[in-house]
>>> print(open('query.cif').read())   # mmCIF, C-alpha atoms
data_input
#
loop_
_atom_site.label_atom_id
_atom_site.label_comp_id
_atom_site.auth_asym_id
_atom_site.auth_seq_id
_atom_site.Cartn_x
_atom_site.Cartn_y
_atom_site.Cartn_z
CA MET A 1 150.26 112.60 134.16
CA GLU A 2 150.41 109.45 132.02
CA VAL A 3 152.74 106.79 133.41
CA LEU A 4 155.44 106.01 130.85
CA ARG A 5 157.81 103.07 130.66
CA ALA A 6 161.46 103.66 129.82
CA LEU A 7 164.24 101.22 129.02
CA LEU A 8 167.32 102.75 130.63
CA VAL A 9 170.58 101.54 129.07
CA GLU A 10 173.43 102.53 131.41
CA ASP A 11 176.39 100.45 132.57
CA ASN A 12 177.28 102.68 135.48
CA PRO A 13 175.07 101.57 138.42
CA ASP A 14 175.32 104.93 140.23
CA HIS A 15 174.14 106.91 137.22
CA ALA A 16 171.47 104.30 136.49
CA GLU A 17 170.10 104.52 140.03
CA LEU A 18 170.09 108.34 140.01
CA MET A 19 168.20 108.47 136.76
CA ARG A 20 165.81 105.71 137.81
CA VAL A 21 164.86 107.67 140.95
CA TYR A 22 164.35 110.98 139.14
CA LEU A 23 162.37 109.32 136.36
CA GLU A 24 160.18 107.60 138.98
CA LYS A 25 159.43 111.01 140.58
CA GLU A 26 158.01 112.11 137.21
CA ASN A 27 155.91 109.00 136.70
CA ILE A 28 158.33 107.28 134.36
CA ALA A 29 158.94 103.68 135.38
CA SER A 30 162.27 102.37 134.12
CA ASP A 31 164.03 99.05 133.75
CA VAL A 32 167.80 99.22 133.72
CA VAL A 33 170.10 97.17 131.48
CA GLY A 34 173.86 97.56 131.23
CA SER A 35 174.71 96.81 127.59
CA GLY A 36 173.71 97.46 124.00
CA GLY A 37 173.02 93.75 123.54
CA GLU A 38 170.49 93.72 126.38
CA CYS A 39 168.92 96.90 125.01
CA LEU A 40 168.36 95.19 121.65
CA GLU A 41 166.91 92.12 123.37
CA ARG A 42 164.47 94.05 125.55
CA ALA A 43 163.51 96.94 123.23
CA GLY A 44 160.37 95.20 122.04
CA ASP A 45 158.98 94.69 125.56
CA GLY A 46 156.43 97.48 125.45
CA TYR A 47 158.53 100.52 126.38
CA ASP A 48 157.57 104.06 125.38
CA VAL A 49 161.11 105.39 125.16
CA ILE A 50 164.74 104.23 125.28
CA LEU A 51 167.29 106.25 127.28
CA LEU A 52 170.59 105.16 125.84
CA ASP A 53 174.03 105.83 127.27
CA TYR A 54 176.29 106.35 124.26
CA TYR A 55 179.41 104.62 125.59
CA LEU A 56 178.54 101.03 126.50
CA PRO A 57 180.79 98.05 127.23
CA ASP A 58 179.81 96.11 124.10
CA ILE A 59 178.65 98.39 121.26
CA ASP A 60 178.33 102.16 121.02
CA GLY A 61 175.07 104.09 120.91
CA LEU A 62 175.24 104.70 117.18
CA GLU A 63 175.48 100.97 116.51
CA VAL A 64 172.58 100.34 118.93
CA LEU A 65 170.50 102.91 116.98
CA ARG A 66 171.39 101.20 113.71
CA ARG A 67 170.48 97.74 114.98
CA LEU A 68 167.23 98.96 116.58
CA LYS A 69 166.23 100.33 113.18
CA GLY A 70 167.28 97.03 111.56
CA LYS A 71 165.01 95.14 113.96
CA GLY A 72 162.14 97.47 113.10
CA VAL A 73 161.92 98.88 116.64
CA ASP A 74 159.99 102.11 116.29
CA LEU A 75 160.61 103.91 119.59
CA PRO A 76 162.02 107.35 120.39
CA VAL A 77 165.60 107.16 121.68
CA VAL A 78 167.28 109.80 123.85
CA VAL A 79 171.06 109.45 123.75
CA ILE A 80 172.96 110.24 126.94
CA THR A 81 176.71 110.72 127.02
CA GLY A 82 179.40 111.92 129.35
CA HIS A 83 181.33 113.66 126.62
CA GLY A 84 180.25 117.02 125.29
CA ASP A 85 181.08 116.09 121.74
CA GLU A 86 178.90 117.76 119.13
CA GLN A 87 179.94 115.32 116.43
CA VAL A 88 178.54 112.47 118.55
CA ALA A 89 175.36 114.49 119.03
CA VAL A 90 174.96 115.09 115.31
CA GLU A 91 175.76 111.47 114.46
CA ALA A 92 173.23 110.23 117.02
CA MET A 93 170.55 112.58 115.66
CA LYS A 94 171.34 111.50 112.11
CA GLY A 95 171.15 107.92 113.33
CA GLY A 96 167.58 108.58 114.39
CA ALA A 97 167.91 109.68 118.03
CA TYR A 98 165.24 112.15 119.08
CA ASP A 99 167.37 114.10 121.53
CA TYR A 100 170.64 114.21 123.37
CA VAL A 101 171.52 114.84 127.03
CA VAL A 102 175.06 115.52 128.24
CA LYS A 103 175.99 113.97 131.59
CA SER A 104 177.17 117.07 133.37
CA GLY A 105 176.07 118.72 136.60
CA MET A 106 172.51 117.82 137.55
CA TYR A 107 171.75 116.36 134.13
CA PHE A 108 169.40 113.74 135.62
CA LEU A 109 166.95 116.52 136.48
CA VAL A 110 166.25 117.18 132.80
CA VAL A 111 166.10 113.55 131.67
CA PRO A 112 162.41 113.00 132.60
CA GLU A 113 161.24 116.06 130.68
CA VAL A 114 163.37 115.21 127.63
CA ALA A 115 162.04 111.63 127.73
CA ARG A 116 158.44 112.81 127.89
CA LYS A 117 158.94 115.28 125.03
CA ALA A 118 160.55 112.52 122.95
CA VAL A 119 157.51 110.28 123.47
CA GLU A 120 155.12 113.10 122.53
CA ALA A 121 157.07 114.11 119.42
CA HIS A 122 157.28 110.49 118.32
CA ARG A 123 153.55 109.97 118.79
CA THR A 124 152.76 113.16 116.88
CA SER A 125 154.95 112.15 113.98
CA LYS A 126 153.40 108.64 113.89
CA ARG A 127 149.95 110.19 113.91
CA LEU A 128 150.78 112.56 111.05
CA GLU A 129 152.28 109.71 109.04
CA GLU A 130 149.17 107.61 109.66
CA GLU A 131 146.92 110.50 108.61
CA LEU A 132 148.89 111.01 105.41
CA ILE A 133 148.60 107.31 104.59
CA GLN A 134 144.87 107.24 105.39
CA ALA A 135 144.26 110.27 103.18
CA GLN A 136 146.11 108.57 100.32
CA ARG A 137 144.17 105.35 100.87
CA ARG A 138 140.86 107.20 100.86
CA GLU A 139 141.84 108.98 97.66
CA ALA A 140 142.77 105.68 95.98
CA ILE A 141 139.45 104.12 97.01
CA VAL A 142 137.52 107.09 95.65
CA GLN A 143 139.51 106.94 92.38
CA THR A 144 138.62 103.28 92.04
CA ALA A 145 134.99 103.97 92.86
CA ILE A 146 134.80 106.66 90.17
CA ALA A 147 136.29 104.23 87.63
CA VAL A 148 133.86 101.47 88.58
CA ASN A 149 130.93 103.82 88.13
CA HIS A 150 132.31 105.17 84.92
CA GLU A 151 132.76 101.67 83.44
CA ILE A 152 129.70 99.92 84.78
CA ASN A 153 126.94 102.52 84.58
CA ASN A 154 126.82 102.49 80.81
CA PRO A 155 126.45 98.71 80.21
CA LEU A 156 124.15 98.54 83.23
CA GLY A 157 121.90 101.21 81.75
CA VAL A 158 121.78 99.28 78.47
CA ILE A 159 120.79 96.07 80.30
CA LEU A 160 118.10 97.84 82.31
CA GLY A 161 116.74 99.68 79.25
CA ASN A 162 116.47 96.48 77.22
CA ALA A 163 114.91 94.59 80.13
CA GLU A 164 112.26 97.31 80.40
CA LEU A 165 111.59 97.29 76.66
CA LEU A 166 111.18 93.51 76.81
CA LEU A 167 108.85 93.81 79.80
CA SER A 168 106.53 96.15 77.93
CA GLN A 169 106.82 94.11 74.72
CA LEU A 170 106.22 90.78 76.49
CA LYS A 171 103.80 91.89 79.21
CA ASP A 172 101.28 89.32 77.98
CA ALA A 173 103.80 86.49 77.74
CA ASP A 174 103.67 83.64 80.25
CA GLU A 175 104.35 84.35 83.90
CA GLY A 176 107.81 82.70 83.86
CA VAL A 177 109.10 85.11 81.20
CA VAL A 178 107.85 88.18 83.03
CA ARG A 179 109.28 86.93 86.33
CA LYS A 180 112.71 86.42 84.79
CA LEU A 181 112.67 89.92 83.32
CA ARG A 182 111.66 91.35 86.70
CA ILE A 183 114.56 89.52 88.33
CA ILE A 184 116.94 91.01 85.74
CA GLU A 185 115.49 94.45 86.52
CA GLU A 186 115.85 93.99 90.29
CA GLN A 187 119.44 92.78 90.04
CA CYS A 188 120.34 95.74 87.83
CA ILE A 189 118.97 98.08 90.47
CA LYS A 190 120.98 96.22 93.13
CA ILE A 191 124.21 96.76 91.15
CA LYS A 192 123.27 100.40 90.58
CA GLU A 193 122.81 100.92 94.32
CA ILE A 194 126.23 99.47 94.97
CA THR A 195 127.95 101.67 92.39
CA GLN A 196 126.10 104.72 93.71
CA LYS A 197 127.15 103.91 97.26
CA LEU A 198 130.72 103.55 96.00
CA ALA A 199 130.56 106.88 94.17
CA ASN A 200 129.52 108.76 97.29
CA LEU A 201 131.95 107.08 99.62
CA THR A 202 133.88 109.42 101.93
CA ASP A 203 134.54 107.23 104.96
CA PRO A 204 135.72 103.78 103.82
CA VAL A 205 135.50 100.88 106.27
CA LEU A 206 137.45 97.66 105.78
CA THR A 207 136.35 94.15 106.58
CA GLU A 208 138.04 90.76 106.53
CA TYR A 209 138.01 89.01 103.18
CA LEU A 210 140.25 85.98 103.46
CA LYS A 211 140.46 85.14 107.14
CA GLY A 212 143.50 86.89 108.59
CA ARG A 213 145.04 87.37 105.17
CA GLU A 214 143.34 89.98 103.10
CA LYS A 215 140.96 92.81 103.75
CA MET A 216 138.40 94.35 101.46
CA LEU A 217 136.32 97.48 101.43
CA ASP A 218 133.03 96.99 103.25
CA ILE A 219 130.70 98.83 100.88
CA HIS A 220 127.70 98.50 103.17
CA ARG A 221 129.35 99.76 106.32
CA SER A 222 131.28 102.52 104.55
CA LYS A 223 129.75 105.96 104.41
CA MET B 1 179.07 113.82 88.69
CA GLU B 2 175.63 115.39 88.68
CA VAL B 3 175.66 119.19 88.83
CA LEU B 4 173.79 120.34 91.96
CA ARG B 5 172.43 123.78 92.83
CA ALA B 6 172.91 125.12 96.33
CA LEU B 7 171.49 128.19 98.02
CA LEU B 8 174.29 129.46 100.23
CA VAL B 9 173.09 131.63 103.12
CA GLU B 10 176.11 133.43 104.58
CA ASP B 11 176.45 137.08 105.55
CA ASN B 12 180.24 137.07 105.66
CA PRO B 13 181.42 137.71 102.06
CA ASP B 14 184.85 136.09 102.60
CA HIS B 15 183.36 132.86 103.91
CA ALA B 16 180.70 132.93 101.19
CA GLU B 17 183.32 133.31 98.45
CA LEU B 18 185.51 130.52 99.88
CA MET B 19 182.62 128.12 100.02
CA ARG B 20 181.34 129.13 96.60
CA VAL B 21 184.72 128.36 95.02
CA TYR B 22 185.10 125.00 96.75
CA LEU B 23 181.53 124.01 95.91
CA GLU B 24 182.11 124.96 92.27
CA LYS B 25 185.18 122.67 92.16
CA GLU B 26 182.87 119.78 93.10
CA ASN B 27 180.21 120.65 90.54
CA ILE B 28 177.90 122.41 92.97
CA ALA B 29 176.75 125.77 91.62
CA SER B 30 175.73 128.14 94.38
CA ASP B 31 173.88 131.42 94.73
CA VAL B 32 174.79 133.46 97.78
CA VAL B 33 172.34 135.42 99.94
CA GLY B 34 173.17 137.21 103.18
CA SER B 35 170.08 136.87 105.35
CA GLY B 36 167.41 134.48 106.56
CA GLY B 37 164.75 136.57 104.89
CA GLU B 38 166.40 136.23 101.47
CA CYS B 39 166.85 132.51 102.08
CA LEU B 40 163.10 132.15 102.67
CA GLU B 41 162.35 134.17 99.54
CA ARG B 42 164.64 132.20 97.26
CA ALA B 43 164.29 128.68 98.72
CA GLY B 44 161.67 127.69 96.17
CA ASP B 45 163.83 128.59 93.16
CA GLY B 46 164.81 125.05 92.23
CA TYR B 47 167.76 124.42 94.55
CA ASP B 48 168.82 120.93 95.59
CA VAL B 49 170.21 121.91 99.00
CA ILE B 50 170.41 124.89 101.37
CA LEU B 51 173.70 125.64 103.14
CA LEU B 52 172.66 127.79 106.05
CA ASP B 53 174.91 129.82 108.30
CA TYR B 54 173.37 129.62 111.76
CA TYR B 55 174.08 133.17 112.91
CA LEU B 56 172.50 135.60 110.46
CA PRO B 57 171.83 139.34 110.77
CA ASP B 58 168.03 139.01 110.82
CA ILE B 59 166.88 135.61 112.15
CA ASP B 60 168.83 132.59 113.41
CA GLY B 61 169.15 129.27 111.59
CA LEU B 62 166.60 127.54 113.80
CA GLU B 63 163.98 130.12 112.93
CA VAL B 64 164.86 129.83 109.24
CA LEU B 65 164.38 126.03 109.49
CA ARG B 66 161.01 126.54 111.18
CA ARG B 67 159.81 129.01 108.55
CA LEU B 68 161.05 126.87 105.66
CA LYS B 69 158.96 124.02 107.05
CA GLY B 70 156.02 126.39 107.46
CA LYS B 71 156.29 127.37 103.79
CA GLY B 72 156.34 123.69 102.80
CA VAL B 73 159.90 123.88 101.42
CA ASP B 74 161.09 120.30 101.27
CA LEU B 75 164.85 120.60 100.80
CA PRO B 76 167.79 119.23 102.77
CA VAL B 77 169.47 121.90 104.90
CA VAL B 78 173.06 121.77 106.13
CA VAL B 79 173.61 124.16 109.03
CA ILE B 80 176.98 125.88 109.24
CA THR B 81 178.14 127.70 112.33
CA GLY B 82 181.24 129.28 113.73
CA HIS B 83 180.54 128.09 117.24
CA GLY B 84 181.21 124.52 118.27
CA ASP B 85 178.07 124.35 120.37
CA GLU B 86 176.52 120.90 120.57
CA GLN B 87 173.19 122.25 121.78
CA VAL B 88 172.90 124.31 118.59
CA ALA B 89 173.78 121.18 116.62
CA VAL B 90 171.09 119.13 118.34
CA GLU B 91 168.51 121.90 118.04
CA ALA B 92 169.26 122.30 114.33
CA MET B 93 168.98 118.55 113.77
CA LYS B 94 165.72 118.46 115.74
CA GLY B 95 164.55 121.39 113.65
CA GLY B 96 165.00 119.26 110.56
CA ALA B 97 168.56 120.02 109.43
CA TYR B 98 170.23 117.09 107.73
CA ASP B 99 173.76 117.81 108.94
CA TYR B 100 175.98 120.31 110.65
CA VAL B 101 179.40 121.74 109.78
CA VAL B 102 181.52 123.74 112.21
CA LYS B 103 183.47 126.67 110.72
CA SER B 104 186.92 125.78 111.92
CA GLY B 105 190.19 125.17 110.09
CA MET B 106 189.62 124.13 106.48
CA TYR B 107 185.93 123.44 107.01
CA PHE B 108 185.04 124.56 103.47
CA LEU B 109 186.80 121.45 102.13
CA VAL B 110 184.14 119.18 103.64
CA VAL B 111 181.11 121.31 102.74
CA PRO B 112 180.72 119.93 99.17
CA GLU B 113 180.74 116.32 100.33
CA VAL B 114 178.32 117.01 103.19
CA ALA B 115 176.03 118.88 100.76
CA ARG B 116 176.06 116.01 98.28
CA LYS B 117 175.34 113.45 101.00
CA ALA B 118 172.46 115.57 102.27
CA VAL B 119 170.92 115.65 98.79
CA GLU B 120 171.30 111.87 98.42
CA ALA B 121 169.85 111.10 101.85
CA HIS B 122 166.94 113.43 101.23
CA ARG B 123 166.19 111.84 97.86
CA THR B 124 166.38 108.35 99.36
CA SER B 125 164.00 109.27 102.14
CA LYS B 126 161.56 110.89 99.66
CA ARG B 127 161.70 107.78 97.50
CA LEU B 128 161.02 105.47 100.45
CA GLU B 129 158.11 107.65 101.57
CA GLU B 130 156.70 107.64 98.04
CA GLU B 131 157.06 103.85 97.86
CA LEU B 132 155.25 103.41 101.17
CA ILE B 133 152.40 105.63 99.96
CA GLN B 134 152.20 103.85 96.61
CA ALA B 135 152.07 100.47 98.35
CA GLN B 136 149.23 101.71 100.56
CA ARG B 137 147.39 103.14 97.55
CA ARG B 138 147.75 99.88 95.63
CA GLU B 139 146.46 97.96 98.64
CA ALA B 140 143.43 100.26 98.95
CA ILE B 141 142.64 99.87 95.24
CA VAL B 142 142.88 96.08 95.50
CA GLN B 143 140.62 96.11 98.59
CA THR B 144 138.05 98.13 96.66
CA ALA B 145 138.38 95.83 93.65
CA ILE B 146 137.74 92.77 95.82
CA ALA B 147 134.64 94.42 97.28
CA VAL B 148 133.31 95.37 93.85
CA ASN B 149 133.75 91.81 92.64
CA HIS B 150 132.24 90.41 95.78
CA GLU B 151 129.15 92.63 95.50
CA ILE B 152 128.59 92.65 91.76
CA ASN B 153 129.39 89.09 90.66
CA ASN B 154 126.37 87.59 92.34
CA PRO B 155 123.63 89.89 90.89
CA LEU B 156 125.49 89.85 87.57
CA GLY B 157 125.42 86.04 87.49
CA VAL B 158 121.68 86.11 88.22
CA ILE B 159 121.08 88.56 85.33
CA LEU B 160 123.19 86.51 82.93
CA GLY B 161 121.55 83.22 84.00
CA ASN B 162 118.05 84.59 83.52
CA ALA B 163 118.96 86.16 80.17
CA GLU B 164 120.24 82.79 78.99
CA LEU B 165 117.13 80.97 80.21
CA LEU B 166 114.99 83.51 78.36
CA LEU B 167 117.08 83.09 75.22
CA SER B 168 116.52 79.35 75.14
CA GLN B 169 112.86 79.77 76.11
CA LEU B 170 112.22 82.50 73.53
CA LYS B 171 114.54 81.35 70.75
CA ASP B 172 111.60 81.27 68.33
CA ALA B 173 110.26 84.69 69.37
CA ASP B 174 110.57 87.62 66.99
CA GLU B 175 113.99 88.90 66.09
CA GLY B 176 113.68 92.05 68.21
CA VAL B 177 113.21 90.04 71.43
CA VAL B 178 116.20 87.80 70.73
CA ARG B 179 118.37 90.80 69.84
CA LYS B 180 117.49 92.56 73.08
CA LEU B 181 118.36 89.45 75.09
CA ARG B 182 121.66 89.13 73.25
CA ILE B 183 122.45 92.76 74.07
CA ILE B 184 121.73 92.07 77.76
CA GLU B 185 124.05 89.06 77.58
CA GLU B 186 126.83 91.05 75.89
CA GLN B 187 126.63 93.89 78.40
CA CYS B 188 126.76 91.43 81.30
CA ILE B 189 129.93 89.96 79.84
CA LYS B 190 131.34 93.46 79.47
CA ILE B 191 130.74 94.19 83.17
CA LYS B 192 132.17 90.80 84.08
CA GLU B 193 135.36 91.58 82.15
CA ILE B 194 135.71 94.85 83.99
CA THR B 195 135.28 93.28 87.42
CA GLN B 196 137.71 90.52 86.49
CA LYS B 197 140.25 93.05 85.32
CA LEU B 198 139.77 94.90 88.61
CA ALA B 199 140.21 91.70 90.62
CA ASN B 200 143.55 90.91 89.01
CA LEU B 201 144.91 94.42 89.17
CA THR B 202 148.50 94.72 90.45
CA ASP B 203 149.75 97.83 88.68
CA PRO B 204 147.10 100.57 88.89
CA VAL B 205 147.30 103.47 86.43
CA LEU B 206 145.45 106.74 86.98
CA THR B 207 143.82 108.97 84.40
CA GLU B 208 142.16 112.36 84.50
CA TYR B 209 138.49 112.32 85.41
CA LEU B 210 137.43 115.91 85.90
CA LYS B 211 139.91 118.03 84.00
CA GLY B 212 142.67 119.06 86.37
CA ARG B 213 140.57 118.32 89.41
CA GLU B 214 140.08 114.67 90.06
CA LYS B 215 141.75 111.49 88.92
CA MET B 216 140.30 108.04 88.58
CA LEU B 217 141.67 104.57 88.14
CA ASP B 218 142.16 103.72 84.47
CA ILE B 219 140.88 100.14 84.46
CA HIS B 220 141.90 99.51 80.85
CA ARG B 221 145.47 100.76 81.13
CA SER B 222 146.03 99.21 84.55
CA LYS B 223 147.61 95.76 84.67
#
>>> encode(input="query.cif", output="structure tokens")
Amino acid sequence: MEVLRALLVEDNPDHAELMRVYLEKENIASDVVGSGGECLERAGDGYDVILLDYYLPDIDGLEVLRRLKGKGVDLPVVVITGHGDEQVAVEAMKGGAYDYVVKSGMYFLVVPEVARKAVEAHRTSKRLEEELIQAQRREAIVQTAIAVNHEINNPLGVILGNAELLLSQLKDADEGVVRKLRIIEEQCIKIKEITQKLANLTDPVLTEYLKGREKMLDIHRSK
Amino acid sequence: MEVLRALLVEDNPDHAELMRVYLEKENIASDVVGSGGECLERAGDGYDVILLDYYLPDIDGLEVLRRLKGKGVDLPVVVITGHGDEQVAVEAMKGGAYDYVVKSGMYFLVVPEVARKAVEAHRTSKRLEEELIQAQRREAIVQTAIAVNHEINNPLGVILGNAELLLSQLKDADEGVVRKLRIIEEQCIKIKEITQKLANLTDPVLTEYLKGREKMLDIHRSK
């Protein structure tokens, strides 16, 4: 079972310790902080999931959720509260929480499983989002490739045709003239190969264009 | 206030009528159906929001949510239930509901506002998703444009350079030779204009390529 790292936000040391122990049993290592402020400070430290007590000494769970989003922290959050209040549950879910655990009875027994499910669901949704974006990117590249072919093939054909006519017309001209026409021919074929490669592209690969700033399509490494 | 259309899924005719009247007062026209099955059948009929009673005679609200997703229906759903059960609330929210109203007291007074908010939130989230995708598409097009420039400018420059050398070398040759070289020159400039246009593209426009099947970048209409 993959070891996960949880940030446990709980101001009651007894509850924190109970949860920490039960999480540990299920291969979830946790660091404990006691306030919303500390949660916001530490959220970026490589955790897989945040387990967030709703009622904290400084700010409530909903405000923590809002500020996490504001900071661009993209982690699943499980909200934990001592009050069985469905409005809090709904508000937390609307605020972006993945799930909700009520502190009653042996609640700490379910926390590890809920945490693990939250991590999985979050990863799945990230993956689907990434796939959607990649599909759209591929489509845009193909649409550009079609346009490039469409626009360039015609003038390129005219250049190549005229170069070939000149070659047959001037085949007895001096060597320099013939060489220049051959170069024109070769370069046309080079451009044609590139546009053909572009037209058949299904698996685009990117490469660095301006160091660390921009990327461009790597026509040669793309398939 | 924009007139909205709601599909109201409620098997109790008294509740349905109460909600229908209060929705109408707030410019929300609603059609009433009494089962999950009917909801699934009618969901695609141009509604802005679904107001879904959780406990239905055929399938429960959670199952309706699941099947709506399975059918690709992309509408905000507000779940309405007579039981103040937070676990149902959380499950409905996890199942993709936007909000949750408990049938108690004068609950029907809040339904119109909740419905309107759900529509707004859903539209905002669609718009943000669309913007993210468009940004990614634009980036992919620009990356392809950079690559095309990068690959084509060099051979194109060689063709143009040689054509110009030949023109000065053969300026006294017969008219046909000079005309062919001029055509080569013109077509090179045409390709250069296209690659330059591509390189400076910030607002890509698409056009139909294969009728109804594929689209391509419209280099001339893009800016």
>>> residues_around(input="query.cif", residues="Ile80 of chain A", least_positions_apart="2", cutoff="7 Å", atoms="only C-alpha atoms", output="PyMOL selection string")
chain A and resi 51-54+78+100-103
>>> residues_around(input="query.cif", residues="Glu193 of chain A", least_positions_apart="3", cutoff="12 Å", atoms="only C-alpha atoms", output="PyMOL selection string")
(chain A and resi 149+152-153+156+186-190+196-200+219-220) or (chain B and resi 148+151-152+155)
>>> closest_residue(input="query.cif", among="A:Ile194, A:Val33, A:Val21, A:Val3", to="chain B", atoms="all atoms listed in the file")
A:Ile194
>>> interface_residues(input="query.cif", of="chain A", to="chain B", cutoff="6 Å", atoms="all atoms listed in the file", output="list in words")
Glu86, Arg137, Ala140, Ile141, Gln143, Thr144, Ile146, Ala147, Pro155, Ile159, Asn162, Lys180, Ile184, Gln187, Met216 and Leu217 of chain A
>>> closest_residue(input="query.cif", among="A:Ala173, A:Val73, A:Leu8, A:Met106", to="Glu38 of chain A", atoms="only C-alpha atoms")
A:Leu8
>>> atom_distance(input="query.cif", atom1="atom CA of Leu40 of chain B", atom2="atom CA of Glu26 of chain B")
25.2 Å
>>> residues_near_point(input="query.cif", point="(174.9, 102.4, 122.4)", cutoff="10 Å", atoms="all atoms listed in the file", output="MDAnalysis selection string")
chainID A and resid 9:10 35:37 39:40 51:67 79:81 92
>>> decode(input="query.cif", residues="segment 1-18 of chain A", atoms="C-alpha atoms", output="tab-separated table (two decimals), in the first residue's frame")
chain	number	residue	atom	x	y	z
A	1	MET	CA	0.00	0.00	0.00
A	2	GLU	CA	1.41	3.37	-1.07
A	3	VAL	CA	2.58	5.51	1.84
A	4	LEU	CA	0.65	8.79	1.86
A	5	ARG	CA	1.40	12.03	3.67
A	6	ALA	CA	-1.40	13.89	5.41
A	7	LEU	CA	-1.48	17.32	6.99
A	8	LEU	CA	-3.72	16.91	10.02
A	9	VAL	CA	-5.26	20.20	11.20
A	10	GLU	CA	-6.69	19.62	14.70
A	11	ASP	CA	-6.39	21.81	17.78
A	12	ASN	CA	-7.41	19.13	20.24
A	13	PRO	CA	-4.23	17.14	21.06
A	14	ASP	CA	-6.13	14.00	22.13
A	15	HIS	CA	-8.08	13.79	18.89
A	16	ALA	CA	-4.95	14.63	16.90
A	17	GLU	CA	-2.98	11.83	18.56
A	18	LEU	CA	-5.79	9.29	18.05
